[in-house]
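Below is input_34.cif, holding mmCIF, C-alpha atoms and all ligand atoms.
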```
data_input
loop_
_atom_site.group_PDB
_atom_site.id
_atom_site.type_symbol
_atom_site.label_atom_id
_atom_site.label_comp_id
_atom_site.auth_asym_id
_atom_site.auth_seq_id
_atom_site.Cartn_x
_atom_site.Cartn_y
_atom_site.Cartn_z
ATOM 1 C CA MET A 1 5.286 -32.160 19.691
ATOM 2 C CA ILE A 2 4.393 -28.479 19.637
ATOM 3 C CA GLU A 3 7.224 -25.986 19.124
ATOM 4 C CA ILE A 4 7.047 -22.363 20.219
ATOM 5 C CA LEU A 5 9.558 -20.090 18.507
ATOM 6 C CA SER A 6 11.593 -17.686 20.596
ATOM 7 C CA PRO A 7 11.723 -14.009 19.540
ATOM 8 C CA SER A 8 15.251 -14.547 18.205
ATOM 9 C CA GLU A 9 13.947 -17.229 15.801
ATOM 10 C CA LEU A 10 11.252 -15.042 14.250
ATOM 11 C CA PRO A 11 13.476 -13.417 11.590
ATOM 12 C CA ARG A 12 14.281 -16.911 10.286
ATOM 13 C CA ALA A 13 10.574 -17.800 10.191
ATOM 14 C CA ARG A 14 9.844 -14.631 8.213
ATOM 15 C CA ALA A 15 12.724 -15.319 5.837
ATOM 16 C CA VAL A 16 11.607 -18.848 4.994
ATOM 17 C CA GLY A 17 8.011 -17.695 4.606
ATOM 18 C CA ALA A 18 9.087 -15.019 2.142
ATOM 19 C CA LEU A 19 11.176 -17.566 0.223
ATOM 20 C CA VAL A 20 8.268 -20.008 -0.142
ATOM 21 C CA ALA A 21 5.991 -17.178 -1.319
ATOM 22 C CA ARG A 22 8.599 -15.984 -3.809
ATOM 23 C CA ILE A 23 9.122 -19.458 -5.310
ATOM 24 C CA LEU A 24 5.373 -20.108 -5.596
ATOM 25 C CA GLN A 25 4.795 -16.800 -7.365
ATOM 26 C CA ALA A 26 7.702 -17.456 -9.714
ATOM 27 C CA MET A 27 6.289 -20.881 -10.581
ATOM 28 C CA LYS A 28 2.809 -19.438 -11.044
ATOM 29 C CA GLY A 29 4.290 -16.999 -13.546
ATOM 30 C CA ARG A 30 5.985 -19.811 -15.449
ATOM 31 C CA ALA A 31 3.062 -22.253 -15.364
ATOM 32 C CA THR A 32 1.684 -21.316 -18.767
ATOM 33 C CA ALA A 33 0.197 -23.532 -21.480
ATOM 34 C CA GLY A 34 2.844 -25.957 -22.714
ATOM 35 C CA THR A 35 4.890 -25.935 -19.514
ATOM 36 C CA ASN A 36 5.735 -29.433 -18.302
ATOM 37 C CA LEU A 37 5.170 -30.248 -14.625
ATOM 38 C CA LEU A 38 8.697 -31.672 -14.534
ATOM 39 C CA GLU A 39 10.059 -28.266 -15.599
ATOM 40 C CA ILE A 40 8.223 -26.628 -12.686
ATOM 41 C CA ASP A 41 9.808 -29.229 -10.395
ATOM 42 C CA ARG A 42 13.296 -28.535 -11.800
ATOM 43 C CA TRP A 43 12.929 -24.738 -11.575
ATOM 44 C CA THR A 44 11.730 -25.101 -7.981
ATOM 45 C CA ARG A 45 14.774 -27.212 -7.097
ATOM 46 C CA GLU A 46 17.039 -24.573 -8.630
ATOM 47 C CA MET A 47 15.462 -21.771 -6.579
ATOM 48 C CA ILE A 48 15.626 -23.835 -3.375
ATOM 49 C CA VAL A 49 19.310 -24.617 -3.930
ATOM 50 C CA GLU A 50 20.121 -21.027 -4.911
ATOM 51 C CA ALA A 51 18.542 -19.770 -1.666
ATOM 52 C CA GLY A 52 20.544 -22.245 0.435
ATOM 53 C CA ALA A 53 17.322 -23.891 1.571
ATOM 54 C CA VAL A 54 16.405 -27.563 1.950
ATOM 55 C CA SER A 55 13.413 -29.304 0.370
ATOM 56 C CA CYS A 56 10.964 -30.841 2.838
ATOM 57 C CA TYR A 57 9.574 -33.030 0.071
ATOM 58 C CA VAL A 58 12.338 -34.782 -1.804
ATOM 59 C CA ASP A 59 13.093 -37.357 0.906
ATOM 60 C CA TYR A 60 9.620 -37.276 2.452
ATOM 61 C CA ALA A 61 8.347 -40.816 3.026
ATOM 62 C CA PRO A 62 5.239 -40.830 5.249
ATOM 63 C CA SER A 63 2.992 -43.821 5.821
ATOM 64 C CA PHE A 64 0.433 -42.592 3.273
ATOM 65 C CA GLY A 65 2.915 -42.203 0.390
ATOM 66 C CA GLU A 66 4.806 -44.751 -1.631
ATOM 67 C CA GLY A 67 8.530 -44.386 -0.941
ATOM 68 C CA PRO A 68 10.345 -41.020 -0.907
ATOM 69 C CA PHE A 69 8.447 -38.326 -2.854
ATOM 70 C CA GLY A 70 11.535 -37.611 -4.973
ATOM 71 C CA HIS A 71 10.381 -34.155 -6.128
ATOM 72 C CA TYR A 72 10.535 -30.572 -4.869
ATOM 73 C CA ILE A 73 6.994 -29.269 -5.300
ATOM 74 C CA CYS A 74 3.505 -30.770 -5.447
ATOM 75 C CA THR A 75 1.722 -30.148 -8.749
ATOM 76 C CA SER A 76 -1.940 -31.176 -8.578
ATOM 77 C CA VAL A 77 -3.932 -30.686 -11.804
ATOM 78 C CA ASN A 78 -7.746 -30.511 -12.147
ATOM 79 C CA ASP A 79 -9.180 -33.490 -10.200
ATOM 80 C CA ALA A 80 -5.890 -33.949 -8.282
ATOM 81 C CA VAL A 81 -5.896 -32.001 -5.020
ATOM 82 C CA LEU A 82 -3.136 -33.109 -2.639
ATOM 83 C CA HIS A 83 0.403 -34.480 -2.979
ATOM 84 C CA GLY A 84 0.361 -34.219 -6.779
ATOM 85 C CA LYS A 85 3.570 -35.824 -7.962
ATOM 86 C CA PRO A 86 5.200 -33.953 -10.857
ATOM 87 C CA HIS A 87 5.139 -36.084 -13.996
ATOM 88 C CA ASP A 88 5.522 -35.718 -17.745
ATOM 89 C CA TYR A 89 2.460 -33.571 -18.412
ATOM 90 C CA ARG A 90 2.219 -30.308 -20.344
ATOM 91 C CA LEU A 91 -0.209 -27.767 -18.914
ATOM 92 C CA ALA A 92 -3.070 -26.503 -21.062
ATOM 93 C CA ASP A 93 -5.070 -23.272 -20.789
ATOM 94 C CA GLY A 94 -7.939 -23.803 -18.367
ATOM 95 C CA ASP A 95 -6.132 -26.406 -16.251
ATOM 96 C CA LEU A 96 -6.697 -25.882 -12.561
ATOM 97 C CA LEU A 97 -3.253 -26.125 -11.003
ATOM 98 C CA THR A 98 -2.347 -26.365 -7.322
ATOM 99 C CA LEU A 99 1.257 -25.779 -6.335
ATOM 100 C CA ASP A 100 2.187 -26.789 -2.788
ATOM 101 C CA LEU A 101 5.648 -26.105 -1.422
ATOM 102 C CA ALA A 102 7.449 -26.554 1.894
ATOM 103 C CA VAL A 103 11.116 -25.773 2.460
ATOM 104 C CA SER A 104 13.432 -25.394 5.419
ATOM 105 C CA LEU A 105 15.815 -22.433 5.703
ATOM 106 C CA ASP A 106 18.192 -22.028 8.652
ATOM 107 C CA GLY A 107 16.244 -24.689 10.528
ATOM 108 C CA VAL A 108 12.726 -23.265 10.136
ATOM 109 C CA VAL A 109 10.035 -24.548 7.749
ATOM 110 C CA ALA A 110 7.298 -22.692 5.866
ATOM 111 C CA ASP A 111 4.515 -24.379 3.893
ATOM 112 C CA SER A 112 2.111 -22.776 1.412
ATOM 113 C CA ALA A 113 -0.172 -23.759 -1.457
ATOM 114 C CA ILE A 114 -1.938 -21.826 -4.214
ATOM 115 C CA THR A 115 -4.504 -22.845 -6.819
ATOM 116 C CA PHE A 116 -4.985 -20.921 -10.061
ATOM 117 C CA VAL A 117 -6.255 -21.370 -13.604
ATOM 118 C CA VAL A 118 -3.538 -21.788 -16.234
ATOM 119 C CA GLY A 119 -3.942 -18.958 -18.755
ATOM 120 C CA GLY A 120 -6.034 -16.986 -16.270
ATOM 121 C CA ARG A 121 -9.484 -17.615 -17.763
ATOM 122 C CA GLY A 122 -11.391 -20.167 -15.716
ATOM 123 C CA SER A 123 -15.008 -21.248 -15.562
ATOM 124 C CA GLN A 124 -17.172 -19.685 -12.872
ATOM 125 C CA GLU A 125 -17.269 -23.084 -11.131
ATOM 126 C CA ASP A 126 -13.464 -23.186 -10.927
ATOM 127 C CA LEU A 127 -13.200 -19.590 -9.748
ATOM 128 C CA ASP A 128 -15.825 -20.309 -7.064
ATOM 129 C CA LEU A 129 -13.800 -23.290 -5.822
ATOM 130 C CA ILE A 130 -10.645 -21.204 -5.504
ATOM 131 C CA ASP A 131 -12.547 -18.330 -3.896
ATOM 132 C CA ALA A 132 -14.078 -20.632 -1.265
ATOM 133 C CA THR A 133 -10.687 -21.973 -0.147
ATOM 134 C CA GLN A 134 -9.208 -18.462 -0.065
ATOM 135 C CA ARG A 135 -12.095 -17.118 2.009
ATOM 136 C CA ALA A 136 -11.929 -20.125 4.343
ATOM 137 C CA LEU A 137 -8.211 -19.569 4.791
ATOM 138 C CA ALA A 138 -8.792 -15.878 5.568
ATOM 139 C CA ALA A 139 -11.480 -16.814 8.110
ATOM 140 C CA GLY A 140 -9.150 -19.289 9.813
ATOM 141 C CA ILE A 141 -6.395 -16.687 9.984
ATOM 142 C CA ALA A 142 -8.805 -14.064 11.342
ATOM 143 C CA ALA A 143 -9.706 -16.441 14.180
ATOM 144 C CA ALA A 144 -6.041 -17.045 15.085
ATOM 145 C CA ARG A 145 -4.784 -15.104 18.102
ATOM 146 C CA PRO A 146 -3.371 -15.894 21.538
ATOM 147 C CA GLY A 147 -6.013 -17.561 23.670
ATOM 148 C CA ALA A 148 -7.995 -18.877 20.718
ATOM 149 C CA ARG A 149 -8.367 -22.653 20.468
ATOM 150 C CA ILE A 150 -7.584 -24.821 17.460
ATOM 151 C CA GLY A 151 -11.284 -25.668 17.264
ATOM 152 C CA ASP A 152 -12.049 -21.980 16.708
ATOM 153 C CA LEU A 153 -9.892 -22.007 13.570
ATOM 154 C CA SER A 154 -11.383 -25.285 12.337
ATOM 155 C CA TYR A 155 -14.882 -23.953 12.904
ATOM 156 C CA ALA A 156 -14.155 -20.702 11.041
ATOM 157 C CA ILE A 157 -12.714 -22.599 8.068
ATOM 158 C CA GLY A 158 -15.478 -25.175 7.993
ATOM 159 C CA GLU A 159 -18.237 -22.591 8.206
ATOM 160 C CA VAL A 160 -17.055 -20.845 5.024
ATOM 161 C CA LEU A 161 -16.685 -24.097 3.084
ATOM 162 C CA THR A 162 -20.055 -25.407 4.238
ATOM 163 C CA ASP A 163 -21.838 -22.123 3.496
ATOM 164 C CA ALA A 164 -20.331 -22.240 0.008
ATOM 165 C CA GLY A 165 -21.877 -25.698 -0.413
ATOM 166 C CA TYR A 166 -18.770 -27.879 -0.507
ATOM 167 C CA PRO A 167 -18.285 -31.199 1.299
ATOM 168 C CA ILE A 168 -15.298 -31.298 3.667
ATOM 169 C CA ASN A 169 -12.776 -34.115 3.975
ATOM 170 C CA LEU A 170 -11.240 -34.411 7.447
ATOM 171 C CA GLU A 171 -8.423 -36.857 6.638
ATOM 172 C CA PHE A 172 -5.919 -34.113 5.776
ATOM 173 C CA GLY A 173 -5.769 -30.600 7.176
ATOM 174 C CA GLY A 174 -3.541 -27.954 8.650
ATOM 175 C CA HIS A 175 -0.746 -28.525 11.116
ATOM 176 C CA GLY A 176 1.893 -26.996 13.299
ATOM 177 C CA VAL A 177 5.172 -26.054 11.622
ATOM 178 C CA GLY A 178 8.602 -25.446 13.101
ATOM 179 C CA SER A 179 11.880 -27.261 12.684
ATOM 180 C CA THR A 180 9.966 -29.898 10.683
ATOM 181 C CA MET A 181 7.075 -29.714 8.222
ATOM 182 C CA HIS A 182 4.303 -31.564 10.020
ATOM 183 C CA GLN A 183 3.874 -31.071 13.751
ATOM 184 C CA ASP A 184 1.087 -30.947 16.267
ATOM 185 C CA PRO A 185 -1.462 -29.518 16.558
ATOM 186 C CA HIS A 186 -3.540 -30.920 13.707
ATOM 187 C CA ILE A 187 -6.060 -28.395 12.352
ATOM 188 C CA SER A 188 -9.099 -30.032 10.775
ATOM 189 C CA ASN A 189 -10.920 -28.077 8.103
ATOM 190 C CA ASP A 190 -14.075 -28.286 10.197
ATOM 191 C CA GLY A 191 -14.677 -28.573 13.911
ATOM 192 C CA ARG A 192 -16.219 -27.204 17.049
ATOM 193 C CA PRO A 193 -15.188 -23.898 18.607
ATOM 194 C CA GLY A 194 -13.698 -23.802 22.083
ATOM 195 C CA ARG A 195 -11.938 -27.162 21.710
ATOM 196 C CA GLY A 196 -8.314 -28.169 21.426
ATOM 197 C CA TYR A 197 -4.935 -26.588 21.995
ATOM 198 C CA THR A 198 -4.818 -22.936 23.050
ATOM 199 C CA LEU A 199 -2.722 -20.735 20.745
ATOM 200 C CA ARG A 200 0.331 -18.904 22.091
ATOM 201 C CA PRO A 201 2.641 -16.266 20.612
ATOM 202 C CA GLY A 202 5.525 -17.875 18.751
ATOM 203 C CA LEU A 203 3.468 -20.780 17.404
ATOM 204 C CA LEU A 204 3.695 -21.411 13.654
ATOM 205 C CA LEU A 205 0.652 -22.948 11.975
ATOM 206 C CA ALA A 206 -0.030 -23.992 8.400
ATOM 207 C CA LEU A 207 -3.748 -23.569 7.657
ATOM 208 C CA GLU A 208 -4.866 -25.294 4.479
ATOM 209 C CA PRO A 209 -8.508 -25.544 3.430
ATOM 210 C CA TRP A 210 -8.929 -27.736 0.351
ATOM 211 C CA ILE A 211 -12.051 -28.961 -1.375
ATOM 212 C CA MET A 212 -13.389 -31.101 -4.177
ATOM 213 C CA ALA A 213 -16.468 -29.744 -5.958
ATOM 214 C CA ASP A 214 -18.929 -32.553 -5.253
ATOM 215 C CA THR A 215 -17.344 -35.124 -2.942
ATOM 216 C CA ASP A 216 -15.282 -35.576 0.205
ATOM 217 C CA GLU A 217 -13.805 -38.853 -0.982
ATOM 218 C CA LEU A 218 -10.245 -39.223 -2.260
ATOM 219 C CA VAL A 219 -8.642 -41.866 -4.420
ATOM 220 C CA THR A 220 -4.883 -42.478 -4.683
ATOM 221 C CA ASP A 221 -3.262 -42.440 -8.124
ATOM 222 C CA ALA A 222 -1.210 -45.284 -9.520
ATOM 223 C CA ASP A 223 1.889 -43.177 -8.668
ATOM 224 C CA GLY A 224 1.215 -43.937 -4.982
ATOM 225 C CA TRP A 225 1.090 -40.233 -4.036
ATOM 226 C CA THR A 226 -1.310 -38.053 -5.973
ATOM 227 C CA LEU A 227 -4.739 -37.815 -4.339
ATOM 228 C CA ARG A 228 -7.705 -37.159 -6.652
ATOM 229 C CA SER A 229 -11.419 -36.694 -6.163
ATOM 230 C CA VAL A 230 -13.161 -40.053 -6.513
ATOM 231 C CA THR A 231 -15.760 -38.489 -8.825
ATOM 232 C CA GLY A 232 -13.246 -36.702 -11.069
ATOM 233 C CA ALA A 233 -14.548 -33.375 -9.756
ATOM 234 C CA ARG A 234 -12.229 -30.399 -9.844
ATOM 235 C CA THR A 235 -10.519 -29.149 -6.714
ATOM 236 C CA ALA A 236 -8.799 -26.224 -4.981
ATOM 237 C CA HIS A 237 -6.402 -25.716 -2.069
ATOM 238 C CA SER A 238 -5.137 -22.568 -0.315
ATOM 239 C CA GLU A 239 -2.450 -22.674 2.369
ATOM 240 C CA HIS A 240 -0.456 -20.135 4.361
ATOM 241 C CA THR A 241 1.980 -20.475 7.205
ATOM 242 C CA ILE A 242 1.119 -18.007 9.966
ATOM 243 C CA LEU A 243 2.884 -16.858 13.123
ATOM 244 C CA ILE A 244 0.808 -16.292 16.234
ATOM 245 C CA THR A 245 1.789 -12.855 17.548
ATOM 246 C CA GLU A 246 0.879 -11.008 20.749
ATOM 247 C CA ASP A 247 -2.291 -9.608 19.223
ATOM 248 C CA GLY A 248 -3.212 -11.825 16.283
ATOM 249 C CA ALA A 249 -1.530 -13.626 13.433
ATOM 250 C CA GLU A 250 1.055 -12.651 10.848
ATOM 251 C CA ILE A 251 0.968 -14.357 7.449
ATOM 252 C CA LEU A 252 4.529 -15.432 6.650
ATOM 253 C CA THR A 253 3.912 -16.772 3.136
ATOM 254 C CA LEU A 254 2.069 -13.775 1.675
ATOM 255 C CA ALA A 255 3.009 -12.937 -1.921
ATOM 256 C CA GLU A 256 4.521 -9.457 -2.280
HETATM 257 MG MG MG B 301 1.553 -27.557 1.926
HETATM 258 MG MG MG B 302 0.734 -28.190 4.930
#
```
Before anything else, please render the file you have as structure tokens.
Ligand code: MG
Ligand code: MG
Amino acid sequence: MIEILSPSELPRARAVGALVARILQAMKGRATAGTNLLEIDRWTREMIVEAGAVSCYVDYAPSFGEGPFGHYICTSVNDAVLHGKPHDYRLADGDLLTLDLAVSLDGVVADSAITFVVGGRGSQEDLDLIDATQRALAAGIAAARPGARIGDLSYAIGEVLTDAGYPINLEFGGHGVGSTMHQDPHISNDGRPGRGYTLRPGLLLALEPWIMADTDELVTDADGWTLRSVTGARTAHSEHTILITEDGAEILTLAE
């Protein structure tokens, strides 16, 4: 199903996008050395509740996960890249942390992810990983406008990642957003231009390039959720929810 938001729904889309951005930035500020991933999860729950929003994660039970997720934010550390389940782990300086958050507010969902180095001082290799996903995300957003096809966005994302020398996994990618977290169309992180669904104003999309430094192969943790690089290589992930407007795209989850 593909949902197109009416003009009267756009203020709600902007509000939930701003909320997701605000929570992610707050958690980034608190994710210092010694912080436990379970504290980040608890603080996120508190901010979601305080805002009157609803977690898209806590009861989430898709075919690829083991039972309901049971937490409010994904915390993927170092070689973990997607669906990182918060657990009893204290962050250390130099950890590469991805926070991924989706919430629903007044019936509209926004979804965003950021990767950063705990303590702020990362290796050049880690900074390059993050930079590649951010540039790929920007390229995908730049290609998003009415009349563009989903394949145009996939191509733009994939071109940046490939040029940067990273393998691309096509199992998980971006997606439509609306009254629920995961909707059609699927947006692969690589593809051919001129193919797929044609974008229209009012469409919400979550674009989310993610990479592992030297592999495209994932392995699932014993927790049944966390996906890691099979080689132990480090990883990065950048995601925004965007609104297709009359003349381009508006990023709803941009940090202020
Ligand atoms: Mg996400
Ligand atoms: Mg997503």
Item to check | d(CA of Arg234 (chain A), CA of Leu96 (chain A)) in Å | outcome: 7.6 Å
Item to check | Selection as a count of residues only: residues within 8 Å of ligand MG 301 (chain B) by all atoms listed in the file | outcome: 9
Checklist entry - Separation of CA of Pro62 (chain A) and CA of Trp225 (chain A), in Å? => result 10.2 Å
Next on the checklist: Residues within 7 Å of Gly173 (chain A), please, as a list of chain:residue names. Count all atoms listed in the file; anything in the same chain fewer than 2 positions from it doesn't count.
Outcome noted: A:Leu170, A:Glu171, A:His175, A:His186, A:Ile187, A:Ser188, A:Asn189, A:Glu208, A:Pro209
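The shortest atom-to-atom distance to ligand MG 302 (chain B), with only C-alpha atoms and all ligand atoms taken into account, belongs to A:His240 out of A:Lys85, A:Arg30, A:Arg22, A:His240.
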Next on the checklist: Quick check on the file I pasted: which residues fall under the PyMOL selection byres (((chain A and resi 204) around 9) and not hetatm)? Write them as a VMD selection string.
Outcome noted: chain A and resid 3 to 5 13 110 175 to 178 201 to 203 205 to 206 241 to 244
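Across the model, the gap from CA of Pro167 (chain A) to CA of Gly196 (chain A) is 22.7 Å.
You can rank A:Asp184, A:Asp190, A:Asp221, A:Glu256 by their closest distance to ligand MG 302 (chain B) using all atoms listed in the file, and at the top of that list sits A:Asp184.
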Next on the checklist: With only C-alpha atoms as the counted atoms, please give the residues lying no more than 10 Å from Leu99 (chain A), apart from itself and same-chain residues fewer than 2 positions off, as a PyMOL selection string.
Outcome noted: chain A and resi 24-25+27-28+31+40+73-77+81-84+97+101+112-116+237-239
